[in-house]
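Following: one structure in structure tokens, then a few remarks.
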Amino acid sequence: MTLIEAFKQIKTIVSPENGHEVENTVALALQRQLAPQAKLAKTAVIHEHGGLGTLRIAAGKPDLTGRDKLPTGLGWMHLRLTADGSGEITASWPAFLYALFGKISEELLQENANQFQEGKTYEVSFTWHRPLFDYLLTQTWRTARGFDPEEHIRHYARLGYTHLEVNSLATHLPYVERVPDEFYSQFYSYCAALDQFVESRLNQGMYPPEYLNANLNLLKKYVALGRKYGLKPGILCFEPRTVPEKLFERYPMLRGARVDHPMRSWKPRYTLAISHPAAQDHYAQLMRNLLTEVPELDYISVWTNDSGSGFEHTASLYVGRNGGAYLIREWRNHEKVAEAAGKNAVNWLRVLRDAAAEINPDFRVCLRIEPFKVEHDVIVRQLEKGLDIEVPSLLVRGYDLPYTHPIYSEIKGVAGSAYHLKFDAQEKPLLESFRQRQIEPHFVYARGTGYNFEPLLGVPYPWMTYGKLKASADLGASHLAHLGGGAPPNMTPFNINQEIWREFQFNRALNIDDAVLKIAKRWAGEALAKDLVQVWQLAEQAIRHVPPLPLFSGFGFVWMRTWVRPIVPNIEAVPKSERAYYERFMVSVPNNPSMVDLGRDVLFDLISKEYGETYVERVDANVWKPLDAAIALADTCSTDGPSVFIDQCDRLRGLRCWIGTQRSTAAWVAGVYGYLEAKDNATKGRCRTYLKKMVADEIQFAKDLLHLWETSTIPWMVVSKVGETSYIYGENLGELIRKKISLMEQYGDVEPYIDPNFIWRVPGYEFEMPNKKI
């Protein structure tokens with residue numbers, strides 16, 4: 001007898017009265033898909049309601065199976081089903097109940113039913129797993145074409161996630177005052193703060209009630225969908241965030257820190273003085289009011305000191321240490337200031353935790369620790385139960401990230417990225433020391449395309465994904481935060497990275513090669529499975545050899561409009577009117593050096609001449625051959641083959657265009673900087689030749705991209721359904737690529753030049769320029 005035949009013997013499917021909603025979800029799905037002959041029933045005492053032909057469904061009920069049969073850990077799923085249709089489907093956590101249903105319906109139905117007669121338990125690898133900065137659901141890709149929130153959330157539960165990020169603005173732009181020619185207001189469009197959903201007595205009337213209500217209703221919608229599939233809700237906020245200036249007109253004594261970036265902002269923006277009792281009461285009210293609306297809210301993740309937020313008097317504020325009048329008196333030394341600022345930050349976290357705990361005693365506050373290089377030790381010493389940290393590595397000290405690229409060992413700072421594949425032995429005792437204090441580190445990692453390869457979707461690197469998961473499990477990590485979140489099946493139907501996560505979550509001892517082959521057989525069939533595996537092997541070989549390009553390897557690729565701007569040796573040779581089509585969406589002010597210099601952004605030197613040269617050499621030597629072989633094999637197999645090959649072929653074609661433009665960016669820096677530094681005509685001539693080749697190559701990459709855009713039928717990249725934004729390209733991308741190609745053909749052979757005075761420009765005011773670089 002197979003398992004599906006045993007399901008046909010079920011007469012009644014029973015779940016608890018007043019239980020978890022996911023129990024109803026699973027019961028109904030089982031009846032519809034596997035046991036249409038069965039009746040659905042409820043019972044007040046689930047552990048007593050058994051018998052012939054009765055299948056009991058429950059979450060968090062180990063007494064259904066006998067405690068001695070279950071793992072000692074917190075994460076498990078259990079299936080018992082006899083030949084007469086009686087048994088149990090249960091799990092330690094509500095979300096794992098739906099994950100077990102997915103495993104049964106997709107993988108186990110043709111298995112011999114005998115192995116489930118006495119019950120079979122699956123222990124999970126990670127007991128807390130959540131999306132972090134969920135691009136598609138709550139953050140900067142939430143306007144994506146074809147995105148279905150329920151499918152996305154259901155897929156999380158299927159994969160074995162436990163939590164869901166739910167705070168999103170209902171509009172794609174925030175309700176903040178805008179300043180002409182300044183981008184800064186759009187930084188408030190993500191990681192929506194507490195005051196975007198509820199208000200306190202202090203800030204009442206600062207935002208239209210319709211705006212707050214729309215945001216809160218969307219949050220509640222996502223909470224309800226998460227509840228349906230067993231996922232606990234949480235929020236990611238940039239806090240303490242700035243407040244409207246009119247609040248300080250009402251209460252001038254509450255003005256706190258200036259936290260905006262003076263090179264991105266033309267209007268100072270301030271937070272409340274969070275050391276003031278009135279400000280603390282305000283935040284306590286916000287937390288109580290939000291949990292009154294959503295009592296099951298389980299955590300808040302706090303990002304800070306960026307995007308219009310920051311803790312007063314901390315060292316990494318963009319304008320330097322500053323804040324309200326109540327924390328630091330003048331003339332204190334740096335150590336005293338750091339101690340006071342760190343303690344103040346943790347005290348604010350306690351305010352949130354304690355207010356939330358009045359409604360949900362298990363509520364946790366999780367702080368991203370990187371912004372606090374100077375205050376790090378003070379903050380860590382002050383943390384306590386219910387106050388967690390969020391890190392890519394416990395070795396982090398500020399933004400100086402540890403770990404090196406797996407191929408290029410001199411490239412440092414890959415922690416948390418797709419290239420972070422191991423943990424040092426030093427991490428384990430640090431992890432244990434936090435746990436002894438009832439503090440749980442949440443390890444940030446990336447295995448998707450958010451923060452890697454943006455704006456592509458479904459780039460395959462399964463062995464790298466497995467390597468990071470195994471390293472995390474070997475370390476003993478139990479709480480993971482997946483940076484960027486996932487993508488639903490309608491957008492990435494053959495997402496091998498996500499499937500490897502699922503396999504590992506339910507079987508820590510898996511053999512990665514066997515797991516990849518099993519998935520390949522499911523998608524490509526027995527005859528072509530090994531070809532699909534080879535496509536992934538070649539693709540990952542290429543991906544492993546791609547060096548990071550600072551800023552551009554992540555969100556900066558779209559921020560800087562790299563796919564649509566003309567990459568020519570003198571960007572200002574293109575008339576300003578001709579550049580407006582892409583400049584208006586750049587994350588930049590008009591005098592940001594990034595407008596004319598691909599190696600710089602604000603006051604950061606991103607790419608050196610030497611790094612640009614090395615980047616080009618490494619891509620040419622190590623990336624093109626395996627990537628082109630992967631594309632060719634996928635293309636060959638797509639002829640009369642299963643659709644997975646067309647899907648993977650187009651995604652890899654998109655990746656090739658993306659790497660190509662990254663290479664062109666690096667080559668621009670190498671060639672233009674080399675030309676401007678050259679002391680003789682021979683060197684200048686070599687740089688001009690080098691740049692001519694870069695221009696020709698980039699025009700071809702752009703033409704390849706245009707062809708893919710116009711011919712592909714799969715969603716290989718994320719596209720906005722409401723039009724272009726600074727974070728996501730719109731449906732007019734083809735038109736923009738054509739414009740780029742035309743401008744590069746016109747201006748590709750101009751003499752290299754960067755105006756050293758560009759940053760000093762003041763539109764409408766003439767003065768003598770210093771002719772110097774900052």
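Chain lettering (A, B, ...) mirrors the order of the structure tokens, residue numbering begins at 1 for each chain separately, and ligand numbering begins at 1 in order of display.
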
Pull the closest atom pair for each residue of segment 410-489 of chain A that gets at most 7 Å from segment 135-140 of chain A, along with the distance in Å to one decimal, counting only C-alpha atoms, ordering rows by chain and then ascending residue number, as JSON lines.
{"residue": "A:Gly450", "atom": "CA", "partner": "A:Tyr135", "partner_atom": "CA", "distance": 6.9}
{"residue": "A:Gly484", "atom": "CA", "partner": "A:Tyr135", "partner_atom": "CA", "distance": 5.4}
{"residue": "A:Gly485", "atom": "CA", "partner": "A:Tyr135", "partner_atom": "CA", "distance": 6.3}

Which residues are near segment 22-35 of chain A? Cut-off 6 Å, only C-alpha atoms, ignore same chain within fewer than 5 positions. Put them as a list of chain:residue names. A:Phe7, A:Lys8, A:Ala58, A:Lys228, A:Tyr229, A:Gly230

Store the residues picked out above in a file with N, CA and C atoms, as a compact mmCIF listing (two decimals), in the first residue's frame.
# COMPACT_ATOMS: atom_id res chain seq x y z
N PHE A 7 -4.23 7.36 2.61
CA PHE A 7 -5.04 8.56 2.78
C PHE A 7 -6.48 8.34 2.31
N LYS A 8 -6.67 7.46 1.35
CA LYS A 8 -8.02 7.18 0.85
C LYS A 8 -8.87 6.40 1.87
N ALA A 58 -2.78 18.74 14.42
CA ALA A 58 -2.57 19.73 15.47
C ALA A 58 -1.15 20.25 15.44
N LYS A 228 -2.90 32.16 8.46
CA LYS A 228 -3.52 31.08 7.69
C LYS A 228 -2.53 29.93 7.44
N TYR A 229 -1.26 30.29 7.29
CA TYR A 229 -0.24 29.27 6.98
C TYR A 229 0.72 29.01 8.15
N GLY A 230 0.41 29.58 9.31
CA GLY A 230 1.17 29.27 10.51
C GLY A 230 2.38 30.13 10.76

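Backbone DSSP assigns strand (DSSP E) in segment 373-411 of chain A to Leu387, Asp388, Ile389, Glu390 and Val391 of chain A.
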
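Nearest to Met586 of chain A of all the residues A:Ile699, A:Ile714, A:Ile728, A:Leu691 is A:Ile728, counting only C-alpha atoms.
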
State, in Å with one decimal place, the distance from atom CA of Pro462 of chain A to atom CA of Glu526 of chain A.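 We find that atom CA of Pro462 of chain A and atom CA of Glu526 of chain A lie 19.5 Å from each other.
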
Which neighbours of Val750 of chain A fall inside 8 Å, counting only C-alpha atoms, when residues of the same chain fewer than 4 positions from it are skipped, and could you give them as number ranges by chain? A: 568-570, 573

Those same residues, written as a tab-separated table (two decimals), in the first residue's frame with C-alpha atoms?
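Listed below is the output, again_20.tsv:
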chain	number	residue	atom	x	y	z
A	568	VAL	CA	31.01	56.68	-22.12
A	569	PRO	CA	34.47	58.10	-21.28
A	570	ASN	CA	33.11	61.58	-20.56
A	573	ALA	CA	29.80	65.02	-23.12

Segment 424-428 of chain A surroundings by only C-alpha atoms, 7 Å radius, close-in-sequence under 6 positions cut, as a count of residues only: 3

Best match for closeness to Asp605 of chain A among A:Leu549, A:Asp84, A:Glu245, A:Glu358, counting only C-alpha atoms: A:Leu549

Point-to-point distance in Å for atom CA of Arg397 of chain A and atom CA of Lys373 of chain A: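 Computing it gives 5.2 Å between the two atoms.
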
For segment 312-323 of chain A, find every residue with an atom within 8 Å (counting only C-alpha atoms), except residues of its own chain fewer than 6 positions away, and show them as a PyMOL selection string. chain A and resi 255-262+273-274+305-306+337-338+341-342+371-375

Write out the residues from the selection above, keeping N, CA, C and O atoms, as a tab-separated table (two decimals), in the first residue's frame.
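Done, and the output landed in again-v1.tsv:
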chain	number	residue	atom	x	y	z
A	255	ARG	N	13.49	68.04	20.43
A	255	ARG	CA	14.34	67.85	19.26
A	255	ARG	C	15.55	67.01	19.65
A	255	ARG	O	16.24	67.29	20.63
A	256	GLY	N	15.81	65.97	18.86
A	256	GLY	CA	16.91	65.07	19.15
A	256	GLY	C	18.03	65.17	18.15
A	256	GLY	O	18.50	66.27	17.83
A	257	ALA	N	18.43	64.04	17.57
A	257	ALA	CA	19.60	63.99	16.71
A	257	ALA	C	19.25	64.35	15.26
A	257	ALA	O	18.20	63.96	14.75
A	258	ARG	N	20.17	65.04	14.61
A	258	ARG	CA	20.09	65.17	13.16
A	258	ARG	C	20.70	63.90	12.57
A	258	ARG	O	21.85	63.55	12.87
A	259	VAL	N	19.93	63.21	11.71
A	259	VAL	CA	20.36	61.89	11.24
A	259	VAL	C	20.44	61.76	9.73
A	259	VAL	O	20.83	60.71	9.22
A	260	ASP	N	20.08	62.81	8.99
A	260	ASP	CA	20.13	62.71	7.52
A	260	ASP	C	21.58	62.76	7.03
A	260	ASP	O	22.50	63.10	7.78
A	261	HIS	N	21.76	62.40	5.77
A	261	HIS	CA	23.08	62.41	5.14
A	261	HIS	C	23.23	63.75	4.42
A	261	HIS	O	22.50	64.03	3.46
A	262	PRO	N	24.17	64.61	4.82
A	262	PRO	CA	24.23	65.95	4.23
A	262	PRO	C	24.60	65.98	2.76
A	262	PRO	O	24.40	67.01	2.11
A	273	ALA	N	14.34	63.37	20.89
A	273	ALA	CA	15.37	63.12	21.90
A	273	ALA	C	14.91	61.92	22.73
A	273	ALA	O	14.14	62.06	23.68
A	274	ILE	N	15.39	60.73	22.36
A	274	ILE	CA	14.82	59.51	22.95
A	274	ILE	C	15.22	59.30	24.41
A	274	ILE	O	14.67	58.41	25.07
A	305	ASN	N	20.62	54.37	12.19
A	305	ASN	CA	21.71	55.24	11.75
A	305	ASN	C	21.86	55.27	10.24
A	305	ASN	O	22.97	55.34	9.70
A	306	ASP	N	20.73	55.24	9.56
A	306	ASP	CA	20.68	55.31	8.10
A	306	ASP	C	19.23	55.56	7.71
A	306	ASP	O	18.30	55.38	8.52
A	337	VAL	N	31.02	59.69	26.13
A	337	VAL	CA	29.91	59.89	25.18
A	337	VAL	C	29.44	58.54	24.64
A	337	VAL	O	28.24	58.26	24.56
A	338	ALA	N	30.40	57.69	24.25
A	338	ALA	CA	30.05	56.37	23.70
A	338	ALA	C	29.30	55.54	24.73
A	338	ALA	O	28.31	54.86	24.41
A	341	ALA	N	25.77	57.02	25.08
A	341	ALA	CA	24.96	56.79	23.88
A	341	ALA	C	24.57	55.33	23.76
A	341	ALA	O	23.42	55.01	23.38
A	342	GLY	N	25.50	54.42	24.06
A	342	GLY	CA	25.18	53.00	23.98
A	342	GLY	C	24.12	52.59	24.99
A	342	GLY	O	23.18	51.85	24.67
A	371	PRO	N	25.91	49.34	12.94
A	371	PRO	CA	26.15	50.80	13.02
A	371	PRO	C	26.90	51.25	14.26
A	371	PRO	O	27.25	52.43	14.36
A	372	PHE	N	27.18	50.35	15.19
A	372	PHE	CA	27.72	50.77	16.48
A	372	PHE	C	29.15	50.29	16.71
A	372	PHE	O	29.45	49.62	17.68
A	373	LYS	N	30.05	50.67	15.83
A	373	LYS	CA	31.44	50.25	16.01
A	373	LYS	C	32.02	50.78	17.31
A	373	LYS	O	32.65	50.05	18.08
A	374	VAL	N	31.80	52.03	17.59
A	374	VAL	CA	32.37	52.65	18.80
A	374	VAL	C	31.60	52.22	20.05
A	374	VAL	O	32.19	52.00	21.10
A	375	GLU	N	30.29	52.09	19.93
A	375	GLU	CA	29.45	51.76	21.09
A	375	GLU	C	29.22	50.25	21.23
A	375	GLU	O	28.46	49.82	22.11

List every residue of segment 603-744 of chain A that DSSP, applied to the backbone, labels as helix (DSSP H, G or I), and write the result as a VMD selection string. chain A and resid 609 to 622 624 to 638 643 to 677 681 to 711 733 to 744

Can you tell me, as a PyMOL selection string, what residues are no more than 12 Å from Glu724 of chain A when counting only C-alpha atoms, ignoring any on the same chain fewer than 3 positions away? chain A and resi 140-141+143-145+172+558-559+561+564+581-582+584-586+718-721+727-733+735-736

Between atom CA of Lys470 of chain A and atom CA of Tyr403 of chain A, measure the distance and give it in Å to one decimal.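 Going from atom CA of Lys470 of chain A over to atom CA of Tyr403 of chain A covers 16.5 Å.
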
Got a sec: who's within 6 Å of segment 152-164 of chain A, counting only C-alpha atoms, leaving out chain neighbours fewer than 5 positions off, as a PyMOL selection string? chain A and resi 95+99+102+128-130+231-233+488+502

Using only C-alpha atoms for the distances, tell me which of A:Glu610, A:Pro240, A:Leu480, A:Ser664 is nearest to Arg565 of chain A.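 The answer is A:Ser664, which sits nearest to Arg565 of chain A.
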